[in-house]
Amino acid sequence: MTAGPLAPHASRPSTGIAADTTDLSKVYGSGDTRVVALDQVSISFRAGEFTAIMGPSGSGKSTLMHCAAGLDSPSSGSVRVGTTELSRLNDRQLTALRRDRIGFIFQAFNLLPTLTALENITLPLTIAGRKPDQQWLDRVVSMVGLSGRLDHRPAQLSGGQQQRVAVARALASQPGIIFGDEPTGNLDSRSGAEVLGFLRDSVRELGQTVVMVTHDPVAAGYADRVVFLADGRLVDEMAHPTPDRVLDLMKAFDTRHPRTS
Ligand SMILES: Nc1ncnc2c1ncn2[C@@H]1O[C@H](COP(=O)(O)OP(=O)(O)OP(=O)(O)O)[C@@H](O)[C@H]1O
């Protein structure tokens, strides 16, 4: 039913690009309330790379992530996940693509309280009617250090452990790309560092592609690349970031683009 371009393992395209946008614009509202959230953004997320998206509040980070993940539709321009052009998909195909080829990690862990950790991790596969690849699952569960906690329900886990369940859930289906929206925003710095370490390990050791929106220079320091948005445009990018270099660049932006509100 979801054969062809939506088959799960079509998610490792030969182009080496896990997702990209071309001249992506997003306009909300009209007249006095018109807001250009994204202004002709063209960006590629390379397979096997960890990218952080940074920028001031309102610069368009979440909008870019939502459009790239097929959660929101562009006003103009195009978005591809692997080699699939999202505008060509109907709603049912888009839902299948999000389920089969994209992993999500949000600030709120979004776990189902009545399910165990293991059931939460395998839920997207269960919904898709797919059998987990047991070897992969074992690897993911041991990487995030949850082996002894699989029978626990979310309420019996710490915040950091719950987010580790969410990381394992995102990895379980071997998606072509994982999007994280402030994935450590609700965690203390130690748990946050652990979760970021797992995300980085998933890229280094498992070849996963991760794109993460963050305000935190320390979190961005775990990425291979940081891209900076201001006023809906891509304004800079840094390879091999360190927290100090990211902080310096953010300070320079504040001088160049003083906030009016
Ligand atoms: N559903 C919407 N309707 C109207 N305007 C919106 C909507 N979503 C976002 N915007 C506007 O688009 C712009 C970009 O918002 P977006 O949430 O992408 O920014 P952000 O960089 O993620 O901000 P933050 O860091 O505060 O989360 C903002 O001016 C915002 O007010």
# chains A, B, ... in the order shown; residues from 1 in each chain; ligands from 1

$ closest_atom_pairs --of "region 54-94 of chain A" --to "region 210-230 of chain A" --cutoff "6 Å" --atoms "only C-alpha atoms" --output "JSON lines"
{"residue": "A:Met54", "atom": "CA", "partner": "A:Phe228", "partner_atom": "CA", "distance": 4.9}
{"residue": "A:Gly55", "atom": "CA", "partner": "A:Leu229", "partner_atom": "CA", "distance": 4.8}
{"residue": "A:Ser59", "atom": "CA", "partner": "A:Ala230", "partner_atom": "CA", "distance": 4.8}

$ select_by_dssp --residues "region 6-247 of chain A" --states "strand (DSSP E or B)" --output "compact mmCIF listing (two decimals) with N, CA and C atoms, in the first residue's frame"
# COMPACT_ATOMS: atom_id res chain seq x y z
N ILE A 17 21.59 13.23 0.67
CA ILE A 17 20.83 14.30 1.30
C ILE A 17 19.58 13.68 1.95
N ALA A 18 19.44 13.86 3.25
CA ALA A 18 18.30 13.25 3.94
C ALA A 18 17.03 14.07 3.73
N ALA A 19 17.18 15.40 3.65
CA ALA A 19 16.04 16.28 3.40
C ALA A 19 16.58 17.61 2.90
N ASP A 20 15.79 18.29 2.09
CA ASP A 20 16.23 19.63 1.69
C ASP A 20 15.04 20.52 1.36
N THR A 21 15.30 21.83 1.40
CA THR A 21 14.28 22.79 1.02
C THR A 21 14.87 23.69 -0.07
N THR A 22 14.01 24.12 -0.99
CA THR A 22 14.45 25.06 -2.03
C THR A 22 13.51 26.26 -2.04
N ASP A 23 14.06 27.43 -1.84
CA ASP A 23 13.28 28.68 -1.85
C ASP A 23 12.01 28.56 -1.01
N LEU A 24 12.16 27.96 0.16
CA LEU A 24 10.99 27.71 1.01
C LEU A 24 10.55 29.00 1.70
N SER A 25 9.31 29.39 1.44
CA SER A 25 8.74 30.55 2.13
C SER A 25 7.47 30.14 2.84
N LYS A 26 7.23 30.77 3.98
CA LYS A 26 5.99 30.52 4.71
C LYS A 26 5.46 31.85 5.22
N VAL A 27 4.26 32.17 4.80
CA VAL A 27 3.63 33.42 5.22
C VAL A 27 2.40 33.07 6.03
N TYR A 28 2.28 33.64 7.20
CA TYR A 28 1.07 33.46 8.01
C TYR A 28 0.24 34.73 7.93
N VAL A 35 2.68 37.80 8.44
CA VAL A 35 4.02 37.56 8.97
C VAL A 35 4.77 36.65 8.00
N VAL A 36 5.94 37.08 7.55
CA VAL A 36 6.78 36.22 6.72
C VAL A 36 7.67 35.42 7.66
N ALA A 37 7.26 34.20 7.96
CA ALA A 37 8.01 33.39 8.93
C ALA A 37 9.27 32.81 8.29
N LEU A 38 9.20 32.46 7.01
CA LEU A 38 10.37 31.97 6.27
C LEU A 38 10.42 32.67 4.92
N ASP A 39 11.62 33.11 4.55
CA ASP A 39 11.76 33.92 3.35
C ASP A 39 12.79 33.26 2.42
N GLN A 40 12.32 32.39 1.54
CA GLN A 40 13.16 31.76 0.52
C GLN A 40 14.38 31.04 1.11
N VAL A 41 14.08 30.11 1.98
CA VAL A 41 15.16 29.35 2.63
C VAL A 41 15.50 28.11 1.80
N SER A 42 16.76 28.00 1.40
CA SER A 42 17.24 26.79 0.71
C SER A 42 18.31 26.17 1.59
N ILE A 43 18.06 24.94 2.01
CA ILE A 43 19.02 24.28 2.90
C ILE A 43 18.95 22.77 2.68
N SER A 44 20.11 22.12 2.79
CA SER A 44 20.17 20.66 2.70
C SER A 44 20.63 20.09 4.04
N PHE A 45 20.00 18.99 4.42
CA PHE A 45 20.46 18.26 5.60
C PHE A 45 21.09 16.96 5.12
N ARG A 46 22.42 16.90 5.24
CA ARG A 46 23.12 15.73 4.71
C ARG A 46 22.89 14.50 5.58
N PHE A 50 24.59 15.74 12.03
CA PHE A 50 23.81 16.30 13.15
C PHE A 50 23.82 17.83 12.96
N THR A 51 22.66 18.39 12.64
CA THR A 51 22.55 19.84 12.40
C THR A 51 21.74 20.48 13.51
N ALA A 52 22.21 21.61 14.01
CA ALA A 52 21.43 22.41 14.96
C ALA A 52 20.93 23.65 14.24
N ILE A 53 19.67 24.01 14.48
CA ILE A 53 19.10 25.25 13.93
C ILE A 53 18.96 26.22 15.07
N MET A 54 19.59 27.40 14.92
CA MET A 54 19.55 28.41 15.99
C MET A 54 19.07 29.74 15.41
N SER A 76 5.31 28.81 -0.53
CA SER A 76 5.94 28.59 -1.84
C SER A 76 7.28 27.91 -1.62
N GLY A 77 7.82 27.39 -2.72
CA GLY A 77 9.07 26.66 -2.61
C GLY A 77 8.80 25.18 -2.38
N SER A 78 9.87 24.41 -2.26
CA SER A 78 9.66 22.97 -2.15
C SER A 78 10.45 22.36 -1.01
N VAL A 79 9.97 21.20 -0.57
CA VAL A 79 10.61 20.42 0.49
C VAL A 79 10.70 18.98 0.01
N ARG A 80 11.88 18.39 0.14
CA ARG A 80 12.02 16.97 -0.15
C ARG A 80 12.53 16.24 1.09
N VAL A 81 11.98 15.06 1.31
CA VAL A 81 12.53 14.15 2.31
C VAL A 81 13.08 12.98 1.51
N THR A 84 11.74 12.34 -2.07
CA THR A 84 10.29 12.53 -2.21
C THR A 84 9.91 14.00 -2.03
N GLU A 85 9.27 14.54 -3.06
CA GLU A 85 8.81 15.94 -3.00
C GLU A 85 7.47 15.96 -2.24
N ILE A 102 10.28 9.58 9.26
CA ILE A 102 10.72 10.70 10.09
C ILE A 102 10.53 10.33 11.56
N GLY A 103 11.53 10.67 12.37
CA GLY A 103 11.40 10.51 13.82
C GLY A 103 11.28 11.88 14.45
N PHE A 104 10.47 11.98 15.50
CA PHE A 104 10.27 13.27 16.16
C PHE A 104 10.62 13.17 17.64
N ILE A 105 11.29 14.23 18.13
CA ILE A 105 11.52 14.34 19.57
C ILE A 105 11.16 15.77 19.96
N ILE A 177 15.38 10.58 8.78
CA ILE A 177 15.79 11.80 9.47
C ILE A 177 15.01 11.94 10.78
N ILE A 178 15.68 12.46 11.80
CA ILE A 178 15.01 12.74 13.08
C ILE A 178 15.02 14.24 13.30
N PHE A 179 13.85 14.80 13.64
CA PHE A 179 13.75 16.22 13.97
C PHE A 179 13.50 16.36 15.46
N GLY A 180 14.26 17.23 16.11
CA GLY A 180 14.05 17.50 17.53
C GLY A 180 13.77 18.98 17.73
N ASP A 181 12.68 19.29 18.45
CA ASP A 181 12.36 20.69 18.74
C ASP A 181 12.67 20.93 20.21
N VAL A 210 20.22 13.79 12.13
CA VAL A 210 19.45 14.50 13.17
C VAL A 210 19.47 16.00 12.90
N VAL A 211 18.31 16.62 13.01
CA VAL A 211 18.17 18.07 12.90
C VAL A 211 17.47 18.54 14.17
N MET A 212 18.07 19.49 14.87
CA MET A 212 17.55 19.89 16.18
C MET A 212 17.45 21.41 16.28
N VAL A 213 16.29 21.90 16.67
CA VAL A 213 16.13 23.32 16.98
C VAL A 213 16.55 23.54 18.42
N ARG A 225 27.12 20.74 12.68
CA ARG A 225 26.94 21.99 11.93
C ARG A 225 25.82 22.78 12.60
N VAL A 226 25.97 24.08 12.67
CA VAL A 226 24.90 24.93 13.17
C VAL A 226 24.51 25.89 12.07
N VAL A 227 23.20 26.03 11.81
CA VAL A 227 22.74 27.05 10.87
C VAL A 227 21.97 28.09 11.67
N PHE A 228 22.12 29.34 11.26
CA PHE A 228 21.52 30.44 12.00
C PHE A 228 20.45 31.13 11.15
N LEU A 229 19.28 31.31 11.75
CA LEU A 229 18.20 32.03 11.09
C LEU A 229 18.03 33.39 11.75
N ALA A 230 17.68 34.40 10.95
CA ALA A 230 17.23 35.69 11.50
C ALA A 230 16.16 36.22 10.56
N ARG A 233 15.32 34.21 7.45
CA ARG A 233 16.34 33.91 6.44
C ARG A 233 17.52 33.20 7.07
N LEU A 234 18.20 32.39 6.26
CA LEU A 234 19.44 31.78 6.71
C LEU A 234 20.52 32.85 6.65
N VAL A 235 21.16 33.14 7.77
CA VAL A 235 22.13 34.23 7.77
C VAL A 235 23.57 33.76 8.00
N ASP A 236 23.74 32.55 8.55
CA ASP A 236 25.11 32.09 8.77
C ASP A 236 25.09 30.60 9.04
N GLU A 237 26.27 30.04 9.04
CA GLU A 237 26.39 28.61 9.32
C GLU A 237 27.77 28.34 9.85
N MET A 238 27.91 27.37 10.74
CA MET A 238 29.21 27.07 11.36
C MET A 238 29.41 25.56 11.38
N ALA A 239 30.59 25.14 10.94
CA ALA A 239 30.92 23.71 11.01
C ALA A 239 31.68 23.45 12.30

$ residues_around --residues "region 158-163 of chain A" --least-positions-apart "6" --cutoff "12 Å" --atoms "only C-alpha atoms" --output "VMD selection string"
chain A and resid 104 to 113 116 to 118 120 to 121 141 144 to 150 152 169 to 170 180 182 to 196 198 to 199

$ atom_distance --atom1 "CA of Leu137 (chain A)" --atom2 "CA of Asp100 (chain A)"
15.6 Å

$ select_by_dssp --residues "region 21-257 of chain A" --states "helix (DSSP H, G or I)" --output "count of residues only"
103

$ closest_residue --among "A:Ser173, A:Arg99, A:Arg34, A:Ala155" --to "Lys131 (chain A)" --atoms "only C-alpha atoms"
A:Ser173

$ atom_distance --atom1 "atom 7 (C, counted along the ligand's line) of ligand 1" --atom2 "CA of Leu247 (chain A)"
27.0 Å

$ closest_residue --among "A:Pro241, A:Pro154, A:Pro175, A:Gly207" --to "Ala69 (chain A)" --atoms "only C-alpha atoms"
A:Pro175

$ residues_around --residues "Thr95 (chain A)" --least-positions-apart "6" --cutoff "12 Å" --atoms "only C-alpha atoms" --output "ChimeraX atom specification"
/A:2,6,69-72,86,89,101-102,124,127-128

$ write_last_selection --atoms "C-alpha atoms" --output "PDB file, in the first residue's frame"
ATOM      1  CA  THR A   2       2.829   2.350   0.809  1.00  0.00           C
ATOM      2  CA  LEU A   6       7.165   5.643   0.663  1.00  0.00           C
ATOM      3  CA  ALA A  69       9.039  17.457   8.473  1.00  0.00           C
ATOM      4  CA  GLY A  70       5.758  17.719   6.595  1.00  0.00           C
ATOM      5  CA  LEU A  71       3.894  19.009   9.656  1.00  0.00           C
ATOM      6  CA  ASP A  72       3.137  22.357   7.985  1.00  0.00           C
ATOM      7  CA  LEU A  86       6.274  16.558  -0.228  1.00  0.00           C
ATOM      8  CA  LEU A  89       1.777  13.723  -1.609  1.00  0.00           C
ATOM      9  CA  ARG A 101      10.544   7.971   7.459  1.00  0.00           C
ATOM     10  CA  ILE A 102      10.724  10.703  10.087  1.00  0.00           C
ATOM     11  CA  PRO A 124       5.118   3.860  15.746  1.00  0.00           C
ATOM     12  CA  ILE A 127       0.805   1.512  14.288  1.00  0.00           C
ATOM     13  CA  ALA A 128       2.532   0.965  10.943  1.00  0.00           C
TER      14      ALA A 128
END
